[in-house]
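Novice: One structure follows; several queries about it will come next.
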Amino acid sequence: MSTPFGDPTAETTESVMLELPDTDPSDAPVDEPPVDISSETTTAAAAASYLLVRGSYRSAGTHALELRVDVDGPRTLRKVSGDFFQSGGGTTSYAGSFVVHAPTVTWSPTQVTITGQGRFTASTSFPVVRVTIARRKTGQQQAPATVQFLRTTGQVGATHNCPYKSPYFRTVRWEQDSVAGKVPFVSYDTGSLPQPPGSPARTLTVPRAYAEAGIDVLVSGAANVLGDSPDGWNNAELHAAMQTNFSLWRNVPQWHVWLLVASRYEGNPGVRGIMFDAQDAHQRQGCAVFHDIIQGADPETVRAQLRTYVHELGHAFNLLHSWQKGLATPPAPLGPNNGFGDLSWMNYPQNYNPGGGGASGTAAYWSAFPFQFTANEITHLRHGFYRDVIMGANAFGRGAADIDPDLFDQPVVDESGLRLELRGKKAFAFGEPVVVELKLDTTDLRGRDTHDFLHPDYDLVSIAIRQPSGRTLLYRPLMRRCVDADATVRIGADGPPVYASAYVGYGQDGHYFEQPGTYLLRAAYVASDGSRIVSPVLRTIVRSPHNETDQHVGELMLGEEQGTLFALRGSDSPSLQAGNDALQEVVQHYEKHPLAVYARMVQGLNAERDFKYLTPDKSALRVRPAVPEQAVGLLSPVVEASLHGNGVDNITLNMVMRRLARAHAQRGDSEQANSVLDDLLRHAESKFRPHVVDTVRRQVDETRRSVNGEAGT
């Protein structure tokens with residue numbers, strides 16, 4: 001195959017994020033709605049009233065080039081990039097990308113010439129890129145760009161003539177729906193509250209925030225109002241809602257994204273938003289914000305709403321949290337204080353900490369935040385390789401899945417006063433869901449304050465997995481929850497350790513433990529002050545199947561849809577029907593097999609709760625009510641096996657027993673519901689230390705009040 005610039009290629013994967021020093025916030029555009037970046041001029045060009053040499057250009061023909069020129073105008077990055085497309089018959093396919101990071105730019109009164117060595121998605125014999133554009137004055141039409149690819153000797157290869165297309169670098173269509181009674185965010189006046197010097201007061205909408213980064217976000221049609229549920233939305237329901245109701249949704253890479261304004265997140269009312277589309281080959285097409293926690297009309301609340309919307313859509317563009325950029329492939333440099341010092345839409349205000357004793361926290365963040373992305377994030381948005389940015393292409397957080405194992409080495413100096421442990425079974429059966437336990441404690445007798453977001457879904461804990469082949473992967477959960485809330489806890493001295501249990505067997509890269517052999521796991525926790533706490537290595541084994549039955553049952557547990565069901569704790573989504581059928585086969589035909597306990601658990605948890613789904617015309621919310629009889633029948637054997645050490649881990653057992661008690665209460669059997677909770681408390685008292693028992697007792701008391709209310713006692 002030959003590329004449009006005339007050289008044999010084989011596509012390779014590239015970095016998710018490209019890094020460069022940040023620029024000054026005074027580069028932000030002025031307040032002139034709508035954003036008109038085509039009519040502004042640079043200081044050098046202002047006297048002659050030249051049009052900006054900036055934006056996107058595209059050639060025609062069977063080998064088309066979409067060019068992005070970034071050498072003039074607001075927040076200039078001095079870069080050139082492009083994507084190649086090949087057309088044949090009625091189809092057009094992506095063929096490759098390039099970027100020139102540090103070109104030489106030569107200006108004359110009549111033209112600008114941009115020359116530099118390109119970085120391509122594949123090898124090429126013509127690595128030098130030269131772009132020539134005639135300069136035009138105000139009132140004239142923009143000139144086309146001539147793009148040449150050259151050998152280092154100067155020999156010219158392919159040449160493209162690219163007419164001017166847009167003052168923006170990329171264009172995305174945004175479809176937004178909301179549930180009944182939840183009014184979506186509209187706009188925020190940045191001058192309504194104090195802001196940093198040099199950041200102009202302006203009215204920001206979500207599209208305008210992206211326009212300031214050079215990205216054209218087009219609102220697609222009228223927003224639809226959907227039915228809602230007082231119980232909130234869980235991961236499985238959000239994913240099913242996107243597949244049913246996103247009118248632009250297709251399982252292909254495309255510049256389309258869907259955002260749902262939902263009521264609240266089921267199970268954790270502190271979650272402000274979530275990028276939930278991360279389970280198949282075409283991810284990052286859908287996200288949600290949760291209105292109940294971000295609602296309000298005062299300036300502080302409206303300001304936070306804007307940040308939440310822009311933040312969640314940023315994940316759809318494949319932007320990582322500020323403190324996670326080092327987990328890109330290859331790792332990108334972190335901002336100040338391991339990324340916690342970034343003044344970015346992608347940081348958490350409560351986590352802002354520039355280090356060095358500077359002011360930190362929410363108030364410090366807002367007093368310094370200029371309402372913009374950092375320069376490295378803008379580089380990704382404007383010039384990241386096509387498949388790393390477009391929705392539905394490369395998975396969230398990666399150009400490639402492999403990570404450098406050295407990223408999880410112990411710090412050379414550790415004065416954090418915190419200690420992280422990663423625990424798990426010494427061996428798992430072939431096909432058994434892999435669950436690990438995390439424990440955060442202190443080495444400081446005086447105690448330490450930090451956050452308690454210990455589950456990997458919150459993106460403040462990362463887990464590296466060294467597979468038997470020697471390949472090291474980063475566990476990347478299907479759902480990433482964004483919690484903009486202060487969750488400071490005291491560990492040690494006056495407070496107990498923090499615990500979390502996480503299913504890490506399946507994520508965005510599929511199954512991580514599908515081959516027998518030895519696995520090495522290590523976790524890293526990013527503390528509130530930016531400290532990076534690394535756990536000792538956990539060694540575990542996946543055993544080979546003993547016989548044909550073990551092999552068959554293991555394979556039934558390891559399908560892609562089954563992995564998604566374990567991650568979601570069950571779902572009624574039609575797209576996961578084959579996975580549910582496989583788990584049902586395990587329950588019905590291999591009921592005595594040790595792995596049947598996990599299949600029962602997933603099906604029982606799903607049966608215990610209502611499942612919400614939207615009709616295809618988006619006009620009504622339908623609810624499949626809980627089936628408590630089925631839930632009791634499925635979860636009771638799980639509890640029985642686990643209490644005797646032959647089932648799920650203790651943290652998961654805690655959750656299962658409380659859900660089983662709820663199922664009994666839904667049937668009207670408060671006596672049995674309370675008996676299950678009594679058994680849970682007795683189990684905790686026989687196994688755990690007093691501070692853990694106290695936590696379980698509080699959970700039991702809360703569940704007891706709930707189930708007694710449901711049973712009418």
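FYI, nothing fancy with the structure tokens labels: chains A, B, ... in order, residues from 1 per chain, ligands from 1 as they appear.
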Show me, as an MDAnalysis selection string, the residues that have an atom within 6 Å of stretch 601-610 of chain A when counting only C-alpha atoms, minus same-chain residues fewer than 6 positions from it.

Specialist: chainID A and resid 569:570 624:628 631 634:635 663

Novice: Can I get the selected residues back with N, CA, C and O atoms, as a PDB file, in the first residue's frame?

Specialist:
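For reference, result.pdb as written:
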```
ATOM      1  N   ARG A 569     -21.761  -5.273  37.026  1.00  0.00           N
ATOM      2  CA  ARG A 569     -22.568  -6.034  37.991  1.00  0.00           C
ATOM      3  C   ARG A 569     -23.948  -6.332  37.434  1.00  0.00           C
ATOM      4  O   ARG A 569     -24.970  -6.199  38.103  1.00  0.00           O
ATOM      5  N   GLY A 570     -23.957  -6.741  36.172  1.00  0.00           N
ATOM      6  CA  GLY A 570     -25.188  -7.145  35.525  1.00  0.00           C
ATOM      7  C   GLY A 570     -25.798  -6.048  34.683  1.00  0.00           C
ATOM      8  O   GLY A 570     -25.538  -4.860  34.895  1.00  0.00           O
ATOM      9  N   ARG A 624     -37.826  -2.089  34.180  1.00  0.00           N
ATOM     10  CA  ARG A 624     -38.009  -3.498  34.495  1.00  0.00           C
ATOM     11  C   ARG A 624     -37.868  -3.609  36.005  1.00  0.00           C
ATOM     12  O   ARG A 624     -36.803  -3.392  36.556  1.00  0.00           O
ATOM     13  N   PRO A 625     -38.963  -3.885  36.725  1.00  0.00           N
ATOM     14  CA  PRO A 625     -38.881  -3.872  38.184  1.00  0.00           C
ATOM     15  C   PRO A 625     -37.984  -4.984  38.708  1.00  0.00           C
ATOM     16  O   PRO A 625     -37.731  -5.990  38.034  1.00  0.00           O
ATOM     17  N   ALA A 626     -37.499  -4.777  39.907  1.00  0.00           N
ATOM     18  CA  ALA A 626     -36.679  -5.791  40.560  1.00  0.00           C
ATOM     19  C   ALA A 626     -37.452  -7.101  40.683  1.00  0.00           C
ATOM     20  O   ALA A 626     -38.683  -7.119  40.779  1.00  0.00           O
ATOM     21  N   VAL A 627     -36.714  -8.202  40.658  1.00  0.00           N
ATOM     22  CA  VAL A 627     -37.313  -9.535  40.788  1.00  0.00           C
ATOM     23  C   VAL A 627     -36.738 -10.153  42.065  1.00  0.00           C
ATOM     24  O   VAL A 627     -35.768 -10.928  42.023  1.00  0.00           O
ATOM     25  N   PRO A 628     -37.290  -9.793  43.228  1.00  0.00           N
ATOM     26  CA  PRO A 628     -36.664 -10.202  44.495  1.00  0.00           C
ATOM     27  C   PRO A 628     -36.601 -11.712  44.687  1.00  0.00           C
ATOM     28  O   PRO A 628     -35.640 -12.221  45.270  1.00  0.00           O
ATOM     29  N   ALA A 631     -33.642 -12.827  42.847  1.00  0.00           N
ATOM     30  CA  ALA A 631     -32.434 -12.344  43.507  1.00  0.00           C
ATOM     31  C   ALA A 631     -32.098 -13.184  44.733  1.00  0.00           C
ATOM     32  O   ALA A 631     -30.936 -13.551  44.956  1.00  0.00           O
ATOM     33  N   LEU A 634     -30.670 -16.554  43.751  1.00  0.00           N
ATOM     34  CA  LEU A 634     -29.314 -16.513  43.190  1.00  0.00           C
ATOM     35  C   LEU A 634     -28.273 -16.082  44.221  1.00  0.00           C
ATOM     36  O   LEU A 634     -27.154 -16.619  44.248  1.00  0.00           O
ATOM     37  N   LEU A 635     -28.595 -15.107  45.062  1.00  0.00           N
ATOM     38  CA  LEU A 635     -27.597 -14.557  45.974  1.00  0.00           C
ATOM     39  C   LEU A 635     -27.407 -15.405  47.233  1.00  0.00           C
ATOM     40  O   LEU A 635     -26.317 -15.395  47.825  1.00  0.00           O
ATOM     41  N   ALA A 663     -33.349  -7.663  49.032  1.00  0.00           N
ATOM     42  CA  ALA A 663     -34.241  -8.522  48.252  1.00  0.00           C
ATOM     43  C   ALA A 663     -35.282  -9.190  49.148  1.00  0.00           C
ATOM     44  O   ALA A 663     -36.465  -9.298  48.795  1.00  0.00           O
TER      45      ALA A 663
END
```

Novice: Any idea what's packed within 9 Å of A:Arg130, counting only C-alpha atoms, ignoring anything in its chain fewer than 4 positions away? Could you give it as a list in words?

Specialist: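 Counting only the stated atoms, we get Thr113, Ile114, Thr115, Gly116, Gln117, Thr146, Val147, Gln148, Phe149 and Leu150 of chain A.
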
Novice: For stretch 432-435 of chain A, please output as a VMD selection string all residues within 7 Å (counting only C-alpha atoms; exclusion window: fewer than 2 positions along the same chain).

Specialist: chain A and resid 424 428 to 430 437 501 to 505 595

Novice: Give the strand (DSSP E) residues of stretch 484-525 of chain A, as DSSP finds them on the backbone, and put them as a ChimeraX atom specification.

Specialist: /A:488-491,498-503,506-507,510-511,517-525

Novice: Work out how far apart atom CA of A:Thr374 and atom CA of A:Asn347 are and give it in Å to one decimal.

Specialist: 10.3 Å

Novice: Do you know which residues are at most 10 Å from A:Val389 counting only C-alpha atoms, after dropping those on the same chain fewer than 5 positions away, and could you put them as a list in words?

Specialist: Val16, Met17, Pro253, Gln254, Trp255, Arg284, His315, Ala316, Phe317, Asn318, Leu319, His380, Leu381, Arg382, His383, Gly384, Asn394, Ala395, Phe396 and Gly399 of chain A

Novice: Could the residues in this selection be saved with N, CA and C atoms as a PDB file, in the first residue's frame?

Specialist:
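So the final result, stored in out31.pdb, reads:
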```
ATOM      1  N   VAL A  16      -0.928   9.163  23.159  1.00  0.00           N
ATOM      2  CA  VAL A  16      -2.217   9.816  23.371  1.00  0.00           C
ATOM      3  C   VAL A  16      -2.054  11.316  23.545  1.00  0.00           C
ATOM      4  N   MET A  17      -0.995  11.741  24.201  1.00  0.00           N
ATOM      5  CA  MET A  17      -0.856  13.137  24.571  1.00  0.00           C
ATOM      6  C   MET A  17       0.503  13.651  24.175  1.00  0.00           C
ATOM      7  N   PRO A 253     -15.364   5.153  14.015  1.00  0.00           N
ATOM      8  CA  PRO A 253     -14.795   6.441  14.413  1.00  0.00           C
ATOM      9  C   PRO A 253     -15.517   7.586  13.713  1.00  0.00           C
ATOM     10  N   GLN A 254     -15.944   8.588  14.467  1.00  0.00           N
ATOM     11  CA  GLN A 254     -16.630   9.733  13.888  1.00  0.00           C
ATOM     12  C   GLN A 254     -16.565  10.903  14.862  1.00  0.00           C
ATOM     13  N   TRP A 255     -16.642  12.115  14.318  1.00  0.00           N
ATOM     14  CA  TRP A 255     -16.572  13.326  15.139  1.00  0.00           C
ATOM     15  C   TRP A 255     -17.958  13.654  15.691  1.00  0.00           C
ATOM     16  N   ARG A 284     -15.465   6.217  23.808  1.00  0.00           N
ATOM     17  CA  ARG A 284     -15.413   7.669  23.994  1.00  0.00           C
ATOM     18  C   ARG A 284     -16.492   8.414  23.203  1.00  0.00           C
ATOM     19  N   HIS A 315     -12.811  14.194  28.263  1.00  0.00           N
ATOM     20  CA  HIS A 315     -12.501  12.766  28.263  1.00  0.00           C
ATOM     21  C   HIS A 315     -12.899  12.123  26.937  1.00  0.00           C
ATOM     22  N   ALA A 316     -14.001  12.563  26.343  1.00  0.00           N
ATOM     23  CA  ALA A 316     -14.412  12.014  25.050  1.00  0.00           C
ATOM     24  C   ALA A 316     -13.398  12.345  23.959  1.00  0.00           C
ATOM     25  N   PHE A 317     -12.672  13.467  24.109  1.00  0.00           N
ATOM     26  CA  PHE A 317     -11.579  13.809  23.190  1.00  0.00           C
ATOM     27  C   PHE A 317     -10.292  13.071  23.551  1.00  0.00           C
ATOM     28  N   ASN A 318     -10.342  12.189  24.529  1.00  0.00           N
ATOM     29  CA  ASN A 318      -9.194  11.407  24.978  1.00  0.00           C
ATOM     30  C   ASN A 318      -8.216  12.231  25.802  1.00  0.00           C
ATOM     31  N   LEU A 319      -8.708  13.218  26.519  1.00  0.00           N
ATOM     32  CA  LEU A 319      -7.879  13.956  27.449  1.00  0.00           C
ATOM     33  C   LEU A 319      -7.908  13.271  28.816  1.00  0.00           C
ATOM     34  N   HIS A 380      -2.923  18.351  21.930  1.00  0.00           N
ATOM     35  CA  HIS A 380      -3.634  17.097  21.665  1.00  0.00           C
ATOM     36  C   HIS A 380      -4.923  17.351  20.878  1.00  0.00           C
ATOM     37  N   LEU A 381      -5.712  18.334  21.308  1.00  0.00           N
ATOM     38  CA  LEU A 381      -6.986  18.613  20.642  1.00  0.00           C
ATOM     39  C   LEU A 381      -6.784  19.028  19.189  1.00  0.00           C
ATOM     40  N   ARG A 382      -5.796  19.895  18.942  1.00  0.00           N
ATOM     41  CA  ARG A 382      -5.590  20.418  17.588  1.00  0.00           C
ATOM     42  C   ARG A 382      -4.777  19.483  16.709  1.00  0.00           C
ATOM     43  N   HIS A 383      -3.737  18.866  17.290  1.00  0.00           N
ATOM     44  CA  HIS A 383      -2.734  18.197  16.459  1.00  0.00           C
ATOM     45  C   HIS A 383      -2.491  16.741  16.830  1.00  0.00           C
ATOM     46  N   GLY A 384      -3.225  16.192  17.813  1.00  0.00           N
ATOM     47  CA  GLY A 384      -3.076  14.774  18.103  1.00  0.00           C
ATOM     48  C   GLY A 384      -3.417  13.941  16.884  1.00  0.00           C
ATOM     49  N   ASN A 394      -9.150   5.066  18.954  1.00  0.00           N
ATOM     50  CA  ASN A 394      -8.339   4.499  20.033  1.00  0.00           C
ATOM     51  C   ASN A 394      -9.036   4.644  21.379  1.00  0.00           C
ATOM     52  N   ALA A 395      -8.857   3.626  22.207  1.00  0.00           N
ATOM     53  CA  ALA A 395      -9.516   3.589  23.505  1.00  0.00           C
ATOM     54  C   ALA A 395      -9.025   4.721  24.389  1.00  0.00           C
ATOM     55  N   PHE A 396      -9.820   5.019  25.410  1.00  0.00           N
ATOM     56  CA  PHE A 396      -9.506   6.130  26.302  1.00  0.00           C
ATOM     57  C   PHE A 396      -8.146   5.933  26.961  1.00  0.00           C
ATOM     58  N   GLY A 399      -2.421   5.552  23.226  1.00  0.00           N
ATOM     59  CA  GLY A 399      -2.076   5.410  21.831  1.00  0.00           C
ATOM     60  C   GLY A 399      -1.765   3.946  21.624  1.00  0.00           C
TER      61      GLY A 399
END
```

Novice: Tell me which of A:His160, A:Arg54, A:Arg682, A:Arg307 sits closest to A:Ala209, counting only C-alpha atoms.

Specialist: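 Looking only at the distances to A:Ala209, the closest residue turns out to be A:Arg307.
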
Novice: Write out as a VMD selection string each polymer residue whose atoms come within 7 Å of A:Thr203, counting only C-alpha atoms; drop sequence neighbours fewer than 5 positions from it.

Specialist: chain A and resid 187 to 190

Novice: Name the closest residue to A:Val80 among the candidates A:Ala527, A:Val186, A:Val131, A:Val271; distances are taken between atoms, counting only C-alpha atoms.

Specialist: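 Of the candidates, the smallest distance to A:Val80 is held by A:Val131.
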
Novice: Between atom CA of A:Ala134 and atom CA of A:Asp70, measure the distance and give it in Å to one decimal.

Specialist: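 Taking atom CA of A:Ala134 and atom CA of A:Asp70, their separation equals 15.0 Å.
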
Novice: Leaving out A:Gln372 and any residue of its chain fewer than 4 positions from it, which residues lie within 10 Å of it when counting only C-alpha atoms, given as an MDAnalysis selection string?

Specialist: chainID A and resid 25 28 199 209:210 212:213 307 310 343:346 377:378

Novice: Could you save the residues just selected, with all heavy atoms, as a short mmCIF file (atom, residue, chain, number, x, y, z; two decimals), in the first residue's frame?

Specialist:
```
data_model
loop_
_atom_site.label_atom_id
_atom_site.label_comp_id
_atom_site.auth_asym_id
_atom_site.auth_seq_id
_atom_site.Cartn_x
_atom_site.Cartn_y
_atom_site.Cartn_z
N PRO A 25 -1.93 32.89 30.21
CA PRO A 25 -3.37 33.03 30.03
C PRO A 25 -3.78 34.29 29.30
O PRO A 25 -4.91 34.39 28.83
CB PRO A 25 -3.90 33.02 31.48
CG PRO A 25 -2.73 33.34 32.33
CD PRO A 25 -1.53 32.81 31.62
N ALA A 28 -5.55 34.30 25.77
CA ALA A 28 -6.94 33.92 25.52
C ALA A 28 -7.63 34.96 24.66
O ALA A 28 -7.34 36.15 24.73
CB ALA A 28 -7.68 33.78 26.85
N SER A 199 -6.98 37.40 32.43
CA SER A 199 -8.02 36.55 31.88
C SER A 199 -9.25 37.40 31.64
O SER A 199 -9.90 37.84 32.59
CB SER A 199 -8.36 35.40 32.84
OG SER A 199 -9.39 34.59 32.33
N ALA A 209 -16.06 27.47 25.07
CA ALA A 209 -14.86 27.03 25.78
C ALA A 209 -13.96 26.22 24.86
O ALA A 209 -12.73 26.35 24.90
CB ALA A 209 -15.25 26.22 27.01
N TYR A 210 -14.57 25.38 24.02
CA TYR A 210 -13.77 24.59 23.07
C TYR A 210 -13.32 25.45 21.89
O TYR A 210 -12.24 25.23 21.33
CB TYR A 210 -14.54 23.36 22.60
CG TYR A 210 -14.44 22.24 23.59
CD1 TYR A 210 -15.39 22.05 24.59
CD2 TYR A 210 -13.37 21.36 23.56
CE1 TYR A 210 -15.28 21.04 25.52
CE2 TYR A 210 -13.24 20.33 24.48
CZ TYR A 210 -14.19 20.18 25.46
OH TYR A 210 -14.06 19.17 26.38
N GLU A 212 -12.31 28.44 22.05
CA GLU A 212 -11.09 29.12 22.47
C GLU A 212 -9.87 28.22 22.35
O GLU A 212 -8.74 28.71 22.29
CB GLU A 212 -11.24 29.63 23.90
CG GLU A 212 -12.24 30.76 24.02
CD GLU A 212 -12.23 31.41 25.39
OE1 GLU A 212 -11.48 30.94 26.27
OE2 GLU A 212 -12.96 32.40 25.57
N ALA A 213 -10.08 26.91 22.31
CA ALA A 213 -8.98 25.97 22.07
C ALA A 213 -8.83 25.65 20.59
O ALA A 213 -7.97 24.85 20.22
CB ALA A 213 -9.23 24.68 22.85
N ARG A 307 -17.43 23.87 34.26
CA ARG A 307 -16.23 23.03 34.34
C ARG A 307 -16.56 21.56 34.20
O ARG A 307 -15.85 20.80 33.51
CB ARG A 307 -15.49 23.28 35.66
CG ARG A 307 -14.04 22.80 35.65
CD ARG A 307 -13.58 22.36 37.01
NE ARG A 307 -14.27 21.17 37.46
CZ ARG A 307 -13.90 19.93 37.14
NH1 ARG A 307 -12.84 19.72 36.38
NH2 ARG A 307 -14.59 18.89 37.57
N VAL A 310 -17.41 20.74 30.42
CA VAL A 310 -16.21 20.78 29.58
C VAL A 310 -15.28 19.63 29.93
O VAL A 310 -14.69 19.00 29.06
CB VAL A 310 -15.49 22.14 29.73
CG1 VAL A 310 -14.17 22.15 28.97
CG2 VAL A 310 -16.39 23.27 29.24
N LEU A 343 -3.49 24.32 35.98
CA LEU A 343 -4.69 25.16 35.91
C LEU A 343 -5.40 24.80 34.62
O LEU A 343 -5.17 25.38 33.56
CB LEU A 343 -4.31 26.64 35.97
CG LEU A 343 -3.80 27.10 37.33
CD1 LEU A 343 -3.14 28.46 37.24
CD2 LEU A 343 -4.95 27.13 38.35
N SER A 344 -6.26 23.81 34.70
CA SER A 344 -6.86 23.19 33.52
C SER A 344 -8.28 22.75 33.81
O SER A 344 -8.66 22.48 34.96
CB SER A 344 -6.03 21.96 33.11
OG SER A 344 -6.72 21.15 32.20
N TRP A 345 -9.07 22.67 32.74
CA TRP A 345 -10.40 22.07 32.84
C TRP A 345 -10.30 20.62 33.33
O TRP A 345 -11.27 20.09 33.89
CB TRP A 345 -11.09 22.06 31.47
CG TRP A 345 -11.39 23.38 30.86
CD1 TRP A 345 -10.77 23.95 29.77
CD2 TRP A 345 -12.41 24.32 31.24
NE1 TRP A 345 -11.33 25.16 29.47
CE2 TRP A 345 -12.35 25.42 30.35
CE3 TRP A 345 -13.37 24.33 32.25
CZ2 TRP A 345 -13.20 26.51 30.44
CZ3 TRP A 345 -14.22 25.42 32.35
CH2 TRP A 345 -14.14 26.49 31.44
N MET A 346 -9.17 19.95 33.11
CA MET A 346 -9.04 18.52 33.39
C MET A 346 -8.52 18.23 34.80
O MET A 346 -8.33 17.07 35.14
CB MET A 346 -8.14 17.86 32.34
CG MET A 346 -8.61 18.05 30.91
SD MET A 346 -10.38 17.69 30.63
CE MET A 346 -10.45 15.93 31.01
N GLU A 377 -2.63 20.12 26.39
CA GLU A 377 -3.97 19.62 26.07
C GLU A 377 -4.45 20.20 24.75
O GLU A 377 -5.09 19.50 23.95
CB GLU A 377 -4.93 19.96 27.21
CG GLU A 377 -4.62 19.20 28.49
CD GLU A 377 -5.27 19.79 29.73
OE1 GLU A 377 -5.80 20.92 29.66
OE2 GLU A 377 -5.24 19.12 30.78
N ILE A 378 -4.17 21.48 24.50
CA ILE A 378 -4.56 22.09 23.23
C ILE A 378 -3.80 21.44 22.08
O ILE A 378 -4.35 21.23 20.99
CB ILE A 378 -4.33 23.62 23.26
CG1 ILE A 378 -5.28 24.26 24.27
CG2 ILE A 378 -4.55 24.23 21.89
CD1 ILE A 378 -5.11 25.76 24.40
#
```

Novice: Could you check which of A:Gly118, A:Gly221, A:Gly507, A:Gly73 is closest to A:Leu473, using only C-alpha atoms?

Specialist: A:Gly507

Novice: Please, what distance in Å, to one decimal, runs between atom CA of A:Thr308 and atom CA of A:Tyr499?

Specialist: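 Separation between atom CA of A:Thr308 and atom CA of A:Tyr499: 27.5 Å.
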
Novice: Can you list, as a PyMOL selection string, every protein, DNA or RNA residue that comes within 12 Å of A:Val707 when you count only C-alpha atoms, leaving out same-chain residues fewer than 2 positions away?

Specialist: chain A and resi 658-677+700-705+709-713

Novice: Nearest to A:Leu438: which of A:Ile651, A:Leu556, A:Ala393, A:Val587 is it, counting only C-alpha atoms?

Specialist: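 The closest residue to A:Leu438 is A:Ile651.
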